[in-house]
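A.B. asks: Next comes model-v1.txt, compact mmCIF, C-alpha atoms and all ligand atoms:
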```txt
# COMPACT_ATOMS: atom_id res chain seq x y z
CA SER A 1 94.55 -3.23 -69.76
CA ALA A 2 93.05 -0.14 -71.29
CA ALA A 3 90.09 2.16 -70.85
CA THR A 4 88.20 4.42 -73.17
CA VAL A 5 86.80 7.71 -71.93
CA ASN A 6 84.00 8.94 -74.17
CA LEU A 7 83.05 12.62 -74.09
CA THR A 8 80.57 14.73 -76.03
CA TYR A 9 81.20 18.34 -77.05
CA ARG A 10 79.61 21.01 -79.16
CA GLU A 11 81.65 21.96 -82.23
CA SER A 12 81.59 25.52 -80.89
CA ASP A 13 83.54 24.29 -77.81
CA PHE A 14 86.59 24.03 -80.09
CA ASP A 15 88.37 27.06 -81.56
CA GLY A 16 88.67 25.12 -84.79
CA PRO A 17 86.87 21.77 -84.66
CA PRO A 18 89.35 18.97 -85.40
CA ARG A 19 88.97 17.52 -88.90
CA ALA A 20 90.67 14.21 -88.30
CA PHE A 21 89.80 10.70 -87.22
CA GLY A 22 92.15 10.96 -84.27
CA PHE A 23 95.71 10.93 -83.04
CA VAL A 24 98.19 8.79 -81.14
CA VAL A 25 100.40 10.15 -78.39
CA PRO A 26 104.01 8.89 -78.28
CA ALA A 27 105.14 7.81 -74.79
CA ILE A 28 108.01 10.32 -74.97
CA GLU A 29 105.43 13.13 -74.67
CA GLY A 30 104.74 12.03 -71.07
CA ARG A 31 100.96 12.52 -71.46
CA ARG A 32 98.25 10.65 -69.57
CA ILE A 33 96.36 9.53 -72.67
CA ILE A 34 97.77 7.20 -75.31
CA ALA A 35 95.44 8.21 -78.15
CA GLY A 36 92.32 10.15 -78.98
CA SER A 37 89.74 9.71 -81.70
CA PHE A 38 86.62 11.44 -82.94
CA SER A 39 84.00 8.73 -83.37
CA SER A 40 81.55 11.16 -84.93
CA PHE A 41 84.01 11.90 -87.78
CA LYS A 42 84.76 8.20 -88.27
CA PHE A 43 81.19 6.92 -88.39
CA GLU A 44 77.79 8.32 -89.40
CA GLY A 45 75.13 8.86 -86.78
CA ARG A 46 77.35 8.94 -83.70
CA ALA A 47 76.43 12.52 -82.76
CA PRO A 48 73.78 15.03 -83.84
CA ALA A 49 74.72 17.91 -86.15
CA GLY A 50 76.93 20.42 -84.36
CA ALA A 51 78.10 17.89 -81.77
CA ILE A 52 81.31 15.88 -81.51
CA LEU A 53 81.73 12.47 -79.88
CA ALA A 54 85.36 12.15 -78.78
CA ARG A 55 87.14 9.23 -77.19
CA ALA A 56 90.42 9.07 -75.30
CA PHE A 57 92.40 5.87 -74.79
CA VAL A 58 94.01 5.48 -71.40
CA GLY A 59 96.31 2.90 -69.83
CA GLY A 60 98.15 0.28 -71.83
CA GLU A 61 101.41 -1.40 -70.98
CA MET A 62 103.36 1.87 -70.77
CA SER A 63 100.80 3.70 -68.63
CA ARG A 64 99.51 1.12 -66.15
CA ASP A 65 99.11 3.61 -63.30
CA MET A 66 96.22 5.29 -65.09
CA MET A 67 94.12 2.14 -64.69
CA ARG A 68 94.19 2.59 -60.91
CA LEU A 69 92.21 5.83 -61.19
CA GLY A 70 88.49 5.91 -60.54
CA ASP A 71 86.18 7.03 -63.34
CA GLU A 72 85.99 10.63 -62.15
CA GLU A 73 89.76 11.03 -61.78
CA MET A 74 90.33 9.38 -65.15
CA THR A 75 87.82 11.68 -66.84
CA ALA A 76 89.42 14.72 -65.18
CA ALA A 77 92.86 13.61 -66.45
CA VAL A 78 91.48 13.23 -69.98
CA ARG A 79 89.88 16.66 -69.81
CA ASP A 80 93.24 18.14 -68.76
CA GLU A 81 94.97 16.45 -71.68
CA PHE A 82 92.27 17.51 -74.17
CA ARG A 83 92.64 21.07 -72.88
CA ALA A 84 96.41 20.94 -73.43
CA LEU A 85 96.39 19.07 -76.75
CA LEU A 86 93.16 20.22 -78.42
CA GLY A 87 92.48 23.52 -76.68
CA VAL A 88 89.01 22.47 -75.48
CA SER A 89 88.20 23.52 -71.93
CA ALA A 90 84.38 23.39 -72.01
CA ALA A 91 82.74 20.78 -69.81
CA PRO A 92 81.63 17.76 -71.87
CA GLY A 93 77.88 17.24 -72.14
CA PHE A 94 78.19 13.55 -71.35
CA THR A 95 81.04 11.26 -70.29
CA GLU A 96 81.37 7.51 -70.05
CA VAL A 97 84.34 5.36 -69.01
CA ARG A 98 84.65 1.83 -70.35
CA ARG A 99 87.35 -0.50 -69.00
CA TRP A 100 88.95 -3.31 -71.01
CA PRO A 101 91.05 -5.38 -68.57
CA ASN A 102 93.88 -7.55 -69.98
CA SER A 103 92.63 -6.86 -73.48
CA MET A 104 95.74 -6.04 -75.51
CA PRO A 105 98.20 -8.84 -76.31
CA GLN A 106 101.80 -7.69 -75.85
CA TYR A 107 104.12 -9.10 -78.49
CA GLU A 108 107.58 -9.63 -77.03
CA VAL A 109 110.89 -10.21 -78.79
CA GLY A 110 110.73 -13.73 -80.22
CA HIS A 111 106.95 -13.52 -80.77
CA LEU A 112 107.03 -14.56 -84.44
CA ALA A 113 109.17 -17.62 -83.69
CA ARG A 114 106.77 -18.58 -80.88
CA VAL A 115 103.76 -18.15 -83.16
CA ALA A 116 105.43 -20.24 -85.89
CA GLU A 117 105.98 -23.03 -83.35
CA ILE A 118 102.34 -22.84 -82.21
CA GLU A 119 101.15 -22.92 -85.82
CA ARG A 120 103.30 -26.01 -86.55
CA ALA A 121 101.72 -27.80 -83.59
CA VAL A 122 98.21 -26.67 -84.58
CA ALA A 123 98.70 -27.90 -88.17
CA GLU A 124 99.13 -31.44 -86.86
CA ILE A 125 95.61 -31.45 -85.41
CA PRO A 126 93.02 -32.21 -88.09
CA ALA A 127 90.29 -29.58 -88.69
CA PHE A 128 91.64 -27.32 -85.96
CA ALA A 129 92.83 -23.72 -86.36
CA ILE A 130 93.58 -20.68 -84.26
CA ALA A 131 92.69 -17.05 -84.85
CA GLY A 132 92.68 -13.72 -83.09
CA ALA A 133 94.70 -10.86 -81.72
CA ALA A 134 97.24 -13.00 -79.88
CA TYR A 135 99.05 -14.13 -83.03
CA ARG A 136 99.69 -11.93 -86.08
CA GLY A 137 98.28 -8.48 -85.44
CA VAL A 138 95.86 -6.89 -82.97
CA GLY A 139 93.95 -4.59 -85.36
CA ILE A 140 90.43 -5.56 -86.41
CA PRO A 141 91.55 -6.12 -90.06
CA ASP A 142 94.32 -8.47 -88.79
CA CYS A 143 91.79 -10.37 -86.67
CA ILE A 144 89.36 -10.67 -89.60
CA ARG A 145 92.17 -11.93 -91.85
CA SER A 146 93.22 -14.49 -89.24
CA GLY A 147 89.62 -15.63 -88.70
CA GLU A 148 89.05 -16.05 -92.43
CA SER A 149 92.25 -17.99 -92.96
CA ALA A 150 91.43 -20.24 -89.98
CA ALA A 151 87.99 -20.92 -91.50
CA ASP A 152 89.56 -21.58 -94.94
CA ALA A 153 92.07 -24.01 -93.41
CA ILE A 154 89.34 -25.97 -91.62
CA PHE A 155 87.11 -25.96 -94.70
CA ALA A 156 90.00 -27.23 -96.88
CA THR A 157 90.65 -30.09 -94.43
CA LEU A 158 86.98 -31.07 -94.21
CA SER A 159 86.41 -30.91 -97.97
CA ALA A 160 89.63 -32.74 -98.96
CA PRO A 161 89.00 -36.15 -100.50
CA LYS A 162 89.42 -38.89 -97.90
C1 LIG B 1 89.98 -0.31 -75.95
C2 LIG B 1 90.36 -0.93 -77.27
C3 LIG B 1 90.23 -0.20 -78.44
C4 LIG B 1 90.58 -0.75 -79.66
N1 LIG B 1 90.43 0.00 -80.79
C5 LIG B 1 90.72 -0.54 -81.98
C6 LIG B 1 90.53 0.20 -83.18
O1 LIG B 1 90.09 1.36 -83.15
N2 LIG B 1 90.85 -0.38 -84.36
C7 LIG B 1 91.34 -1.66 -84.44
O2 LIG B 1 91.61 -2.16 -85.54
N3 LIG B 1 91.53 -2.40 -83.31
C8 LIG B 1 91.23 -1.88 -82.09
N4 LIG B 1 91.43 -2.61 -80.95
C9 LIG B 1 91.97 -3.98 -81.07
C10 LIG B 1 90.89 -4.98 -81.47
O3 LIG B 1 89.62 -4.53 -81.07
C11 LIG B 1 91.17 -6.34 -80.79
O4 LIG B 1 92.54 -6.72 -80.98
C12 LIG B 1 90.25 -7.41 -81.42
O5 LIG B 1 88.89 -7.06 -81.23
C13 LIG B 1 90.53 -8.75 -80.79
O6 LIG B 1 89.68 -9.71 -81.43
P1 LIG B 1 89.73 -11.20 -80.98
O7 LIG B 1 88.66 -11.88 -81.75
O8 LIG B 1 91.14 -11.74 -81.06
O9 LIG B 1 89.40 -11.16 -79.42
P2 LIG B 1 88.06 -10.68 -78.71
O10 LIG B 1 87.29 -9.71 -79.53
O11 LIG B 1 88.51 -10.29 -77.31
O12 LIG B 1 87.20 -12.01 -78.66
C14 LIG B 1 87.53 -13.06 -77.79
C15 LIG B 1 86.21 -13.70 -77.40
O13 LIG B 1 86.47 -14.91 -76.70
C16 LIG B 1 85.60 -14.96 -75.61
N5 LIG B 1 86.23 -15.87 -74.62
C17 LIG B 1 87.30 -15.62 -73.84
N6 LIG B 1 87.59 -16.69 -73.09
C18 LIG B 1 86.68 -17.64 -73.43
C19 LIG B 1 86.48 -18.98 -73.01
N7 LIG B 1 87.26 -19.56 -72.10
N8 LIG B 1 85.47 -19.67 -73.57
C20 LIG B 1 84.68 -19.12 -74.52
N9 LIG B 1 84.83 -17.83 -74.95
C21 LIG B 1 85.82 -17.12 -74.40
C22 LIG B 1 85.46 -13.54 -75.12
O14 LIG B 1 84.29 -13.36 -74.38
C23 LIG B 1 85.40 -12.80 -76.46
O15 LIG B 1 84.09 -12.69 -76.97
C24 LIG B 1 91.08 -2.09 -79.72
C25 LIG B 1 91.18 -2.84 -78.54
C26 LIG B 1 90.83 -2.26 -77.33
C27 LIG B 1 90.94 -3.09 -76.07
```
Starting from the file, give its structure as structure tokens.
C.D. replies:
Amino acid sequence: SAATVNLTYRESDFDGPPRAFGFVVPAIEGRRIIAGSFSSFKFEGRAPAGAILARAFVGGEMSRDMMRLGDEEMTAAVRDEFRALLGVSAAPGFTEVRRWPNSMPQYEVGHLARVAEIERAVAEIPAFAIAGAAYRGVGIPDCIRSGESAADAIFATLSAPK
């Protein structure tokens, strides 16, 4: 389970506004966020000129306790971490917490062998395919690739001469 905490700032709230898409925080750092990103640098139109839309990622398998916090406590923890990591102490103009329960597949040792076995079983069912984050990558590009190859496999079966 994970949550995103979205916060808006003015560029002037930062000593030097970050010029990056974001950052990940290794568990060894013992921080209460697992990553941060700046949506307004990634995508057009996410914040007006002079403003920054930032997002912190909280929770995950290694930081389950964070998911027990209420929205206010979670936002306060993120503000503490942003103060320590990014030097921003101004109050955000707007905050919003979004929770994503049980959303991240956890690949364990032996995952690839398990997936290969599933795929062998799936291949025996005509015009049937599987796709998504549970199998060969959780990133959006991985999910798109798996969706497209599932569609190709079904199309090939349906269009094969009988
Ligand atoms: C907080 C968060 C941030 C992320 N950020 C990024 C990022 O920045 N970049 C990136 O590349 N990836 C990111 N990811 C990962 C990526 O978004 C997911 O791995 C990906 O969206 C999963 O796609 P999916 O199609 O496998 O599953 P989903 O998008 O979860 O789709 C599954 C669908 O199945 C539906 N469903 C479930 N059960 C049933 C049922 N019984 N019957 C019918 N429908 C059902 C659900 O409603 C849902 O619509 C992030 C994930 C999270 C949780």
A.B. asks: Residues within 8 Å of ligand LIG 1 (chain B) should be enumerated using all atoms listed in the file and returned as a ChimeraX atom specification.
C.D. replies: /A:1-4,57,99-101,103-105,131-134,137-144,147
A.B. asks: Please write the residues from the selection above to a file, keeping C-alpha atoms, as a PDB file, in the coordinates of the input.
C.D. replies:
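Produced file again.pdb, reproduced below:
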```
ATOM      1  CA  SER A   1      94.550  -3.230 -69.760  1.00  0.00           C
ATOM      2  CA  ALA A   2      93.050  -0.140 -71.290  1.00  0.00           C
ATOM      3  CA  ALA A   3      90.090   2.160 -70.850  1.00  0.00           C
ATOM      4  CA  THR A   4      88.200   4.420 -73.170  1.00  0.00           C
ATOM      5  CA  PHE A  57      92.400   5.870 -74.790  1.00  0.00           C
ATOM      6  CA  ARG A  99      87.350  -0.500 -69.000  1.00  0.00           C
ATOM      7  CA  TRP A 100      88.950  -3.310 -71.010  1.00  0.00           C
ATOM      8  CA  PRO A 101      91.050  -5.380 -68.570  1.00  0.00           C
ATOM      9  CA  SER A 103      92.630  -6.860 -73.480  1.00  0.00           C
ATOM     10  CA  MET A 104      95.740  -6.040 -75.510  1.00  0.00           C
ATOM     11  CA  PRO A 105      98.200  -8.840 -76.310  1.00  0.00           C
ATOM     12  CA  ALA A 131      92.690 -17.050 -84.850  1.00  0.00           C
ATOM     13  CA  GLY A 132      92.680 -13.720 -83.090  1.00  0.00           C
ATOM     14  CA  ALA A 133      94.700 -10.860 -81.720  1.00  0.00           C
ATOM     15  CA  ALA A 134      97.240 -13.000 -79.880  1.00  0.00           C
ATOM     16  CA  GLY A 137      98.280  -8.480 -85.440  1.00  0.00           C
ATOM     17  CA  VAL A 138      95.860  -6.890 -82.970  1.00  0.00           C
ATOM     18  CA  GLY A 139      93.950  -4.590 -85.360  1.00  0.00           C
ATOM     19  CA  ILE A 140      90.430  -5.560 -86.410  1.00  0.00           C
ATOM     20  CA  PRO A 141      91.550  -6.120 -90.060  1.00  0.00           C
ATOM     21  CA  ASP A 142      94.320  -8.470 -88.790  1.00  0.00           C
ATOM     22  CA  CYS A 143      91.790 -10.370 -86.670  1.00  0.00           C
ATOM     23  CA  ILE A 144      89.360 -10.670 -89.600  1.00  0.00           C
ATOM     24  CA  GLY A 147      89.620 -15.630 -88.700  1.00  0.00           C
TER      25      GLY A 147
END
```
A.B. asks: Considering only C-alpha atoms, return as a PyMOL selection string whatever protein or nucleic-acid residues lie within 12 Å of A:Pro26, sequence-local ones (same chain, fewer than 4 positions apart) excluded.
C.D. replies: chain A and resi 30-36+62-63
A.B. asks: From the list A:Asn102, A:Ser40, A:Thr75, A:Ser146, which residue is nearest A:Tyr9 when using all atoms listed in the file?
C.D. replies: A:Ser40
A.B. asks: Give as number ranges by chain every residue, naming chains and numbers as the document does, that has an atom within 8 Å of (88.4, 13.1, -77.2), counting all atoms listed in the file.
C.D. replies: A: 5-7, 36-38, 53-56, 78, 82
A.B. asks: Go ahead and save the residues from that selection, with C-alpha atoms, as an mmCIF file, in the coordinates of the input.
C.D. replies:
```cif
data_model
loop_
_atom_site.group_PDB
_atom_site.id
_atom_site.type_symbol
_atom_site.label_atom_id
_atom_site.label_comp_id
_atom_site.auth_asym_id
_atom_site.auth_seq_id
_atom_site.Cartn_x
_atom_site.Cartn_y
_atom_site.Cartn_z
ATOM 1 C CA VAL A 5 86.800 7.710 -71.930
ATOM 2 C CA ASN A 6 84.000 8.940 -74.170
ATOM 3 C CA LEU A 7 83.050 12.620 -74.090
ATOM 4 C CA GLY A 36 92.320 10.150 -78.980
ATOM 5 C CA SER A 37 89.740 9.710 -81.700
ATOM 6 C CA PHE A 38 86.620 11.440 -82.940
ATOM 7 C CA LEU A 53 81.730 12.470 -79.880
ATOM 8 C CA ALA A 54 85.360 12.150 -78.780
ATOM 9 C CA ARG A 55 87.140 9.230 -77.190
ATOM 10 C CA ALA A 56 90.420 9.070 -75.300
ATOM 11 C CA VAL A 78 91.480 13.230 -69.980
ATOM 12 C CA PHE A 82 92.270 17.510 -74.170
#
```
A.B. asks: Compile the contact shell of A:Ala153 as a list in words: residues with an atom at most 9 Å away, counting only C-alpha atoms, same-chain residues fewer than 4 positions apart removed.
C.D. replies: Ala127, Phe128, Ala129, Glu148, Ser149, Thr157 and Leu158 of chain A
A.B. asks: Could you save the residues just selected, with C-alpha atoms, as a PDB file, keeping the file's coordinate frame?
C.D. replies:
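Output contents, as saved in part.pdb:
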```
ATOM      1  CA  ALA A 127      90.290 -29.580 -88.690  1.00  0.00           C
ATOM      2  CA  PHE A 128      91.640 -27.320 -85.960  1.00  0.00           C
ATOM      3  CA  ALA A 129      92.830 -23.720 -86.360  1.00  0.00           C
ATOM      4  CA  GLU A 148      89.050 -16.050 -92.430  1.00  0.00           C
ATOM      5  CA  SER A 149      92.250 -17.990 -92.960  1.00  0.00           C
ATOM      6  CA  THR A 157      90.650 -30.090 -94.430  1.00  0.00           C
ATOM      7  CA  LEU A 158      86.980 -31.070 -94.210  1.00  0.00           C
TER       8      LEU A 158
END
```
A.B. asks: Quick one: of A:Val25, A:Val122, A:Ala91, A:Val115, who's nearest to A:Val58, counting all atoms listed in the file?
C.D. replies: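 Between A:Val25, A:Val122, A:Ala91, A:Val115, the residue approaching A:Val58 most closely is A:Val25.
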A.B. asks: Using all atoms listed in the file, which residues sit within 8 Å of A:Phe41 once same-chain residues fewer than 6 positions away are excluded, as a CSV table (one decimal) with C-alpha atoms, keeping the file's coordinate frame?
C.D. replies:
```csv
chain,number,residue,atom,x,y,z
A,19,ARG,CA,89.0,17.5,-88.9
A,20,ALA,CA,90.7,14.2,-88.3
A,21,PHE,CA,89.8,10.7,-87.2
A,52,ILE,CA,81.3,15.9,-81.5
```
A.B. asks: Between atom CA of A:Pro18 and atom CA of A:Ala77, what distance in Å does the model show, to one decimal?
C.D. replies: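 According to the coordinates, atom CA of A:Pro18 and atom CA of A:Ala77 are separated by 20.0 Å.
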A.B. asks: A:Val88, A:Glu44, A:Arg98, A:Ser12: which is nearest A:Gly59, counting all atoms listed in the file?
C.D. replies: A:Arg98
A.B. asks: Rounded to one decimal, what separation in Å do you get between atom CA of A:Leu85 and atom CA of A:Asp71?
C.D. replies: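 Straight-line distance from atom CA of A:Leu85 to atom CA of A:Asp71 works out to 20.7 Å.
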A.B. asks: Kindly indicate which residue among A:Gly70, A:Arg136, A:Val97, A:Pro126 lies nearest to A:Leu112, using all atoms listed in the file for the distances.
C.D. replies: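 Of all the options, A:Arg136 lies closest to A:Leu112.
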A.B. asks: For stretch 8-19 of chain A, I'd like the enclosing box, axis-aligned and padded by 8 Å on every side, reported as AutoDock Vina command-line options with centre and edge lengths in Å to one decimal.
C.D. replies:
```
--center_x 84.5 --center_y 20.9 --center_z -82.5 --size_x 25.7 --size_y 28.3 --size_z 28.9
```
A.B. asks: Calculate how many Å separate atom CA of A:Asp13 from atom CA of A:Gly45, rounding to one decimal.
C.D. replies: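 Straight-line distance from atom CA of A:Asp13 to atom CA of A:Gly45 works out to 19.7 Å.
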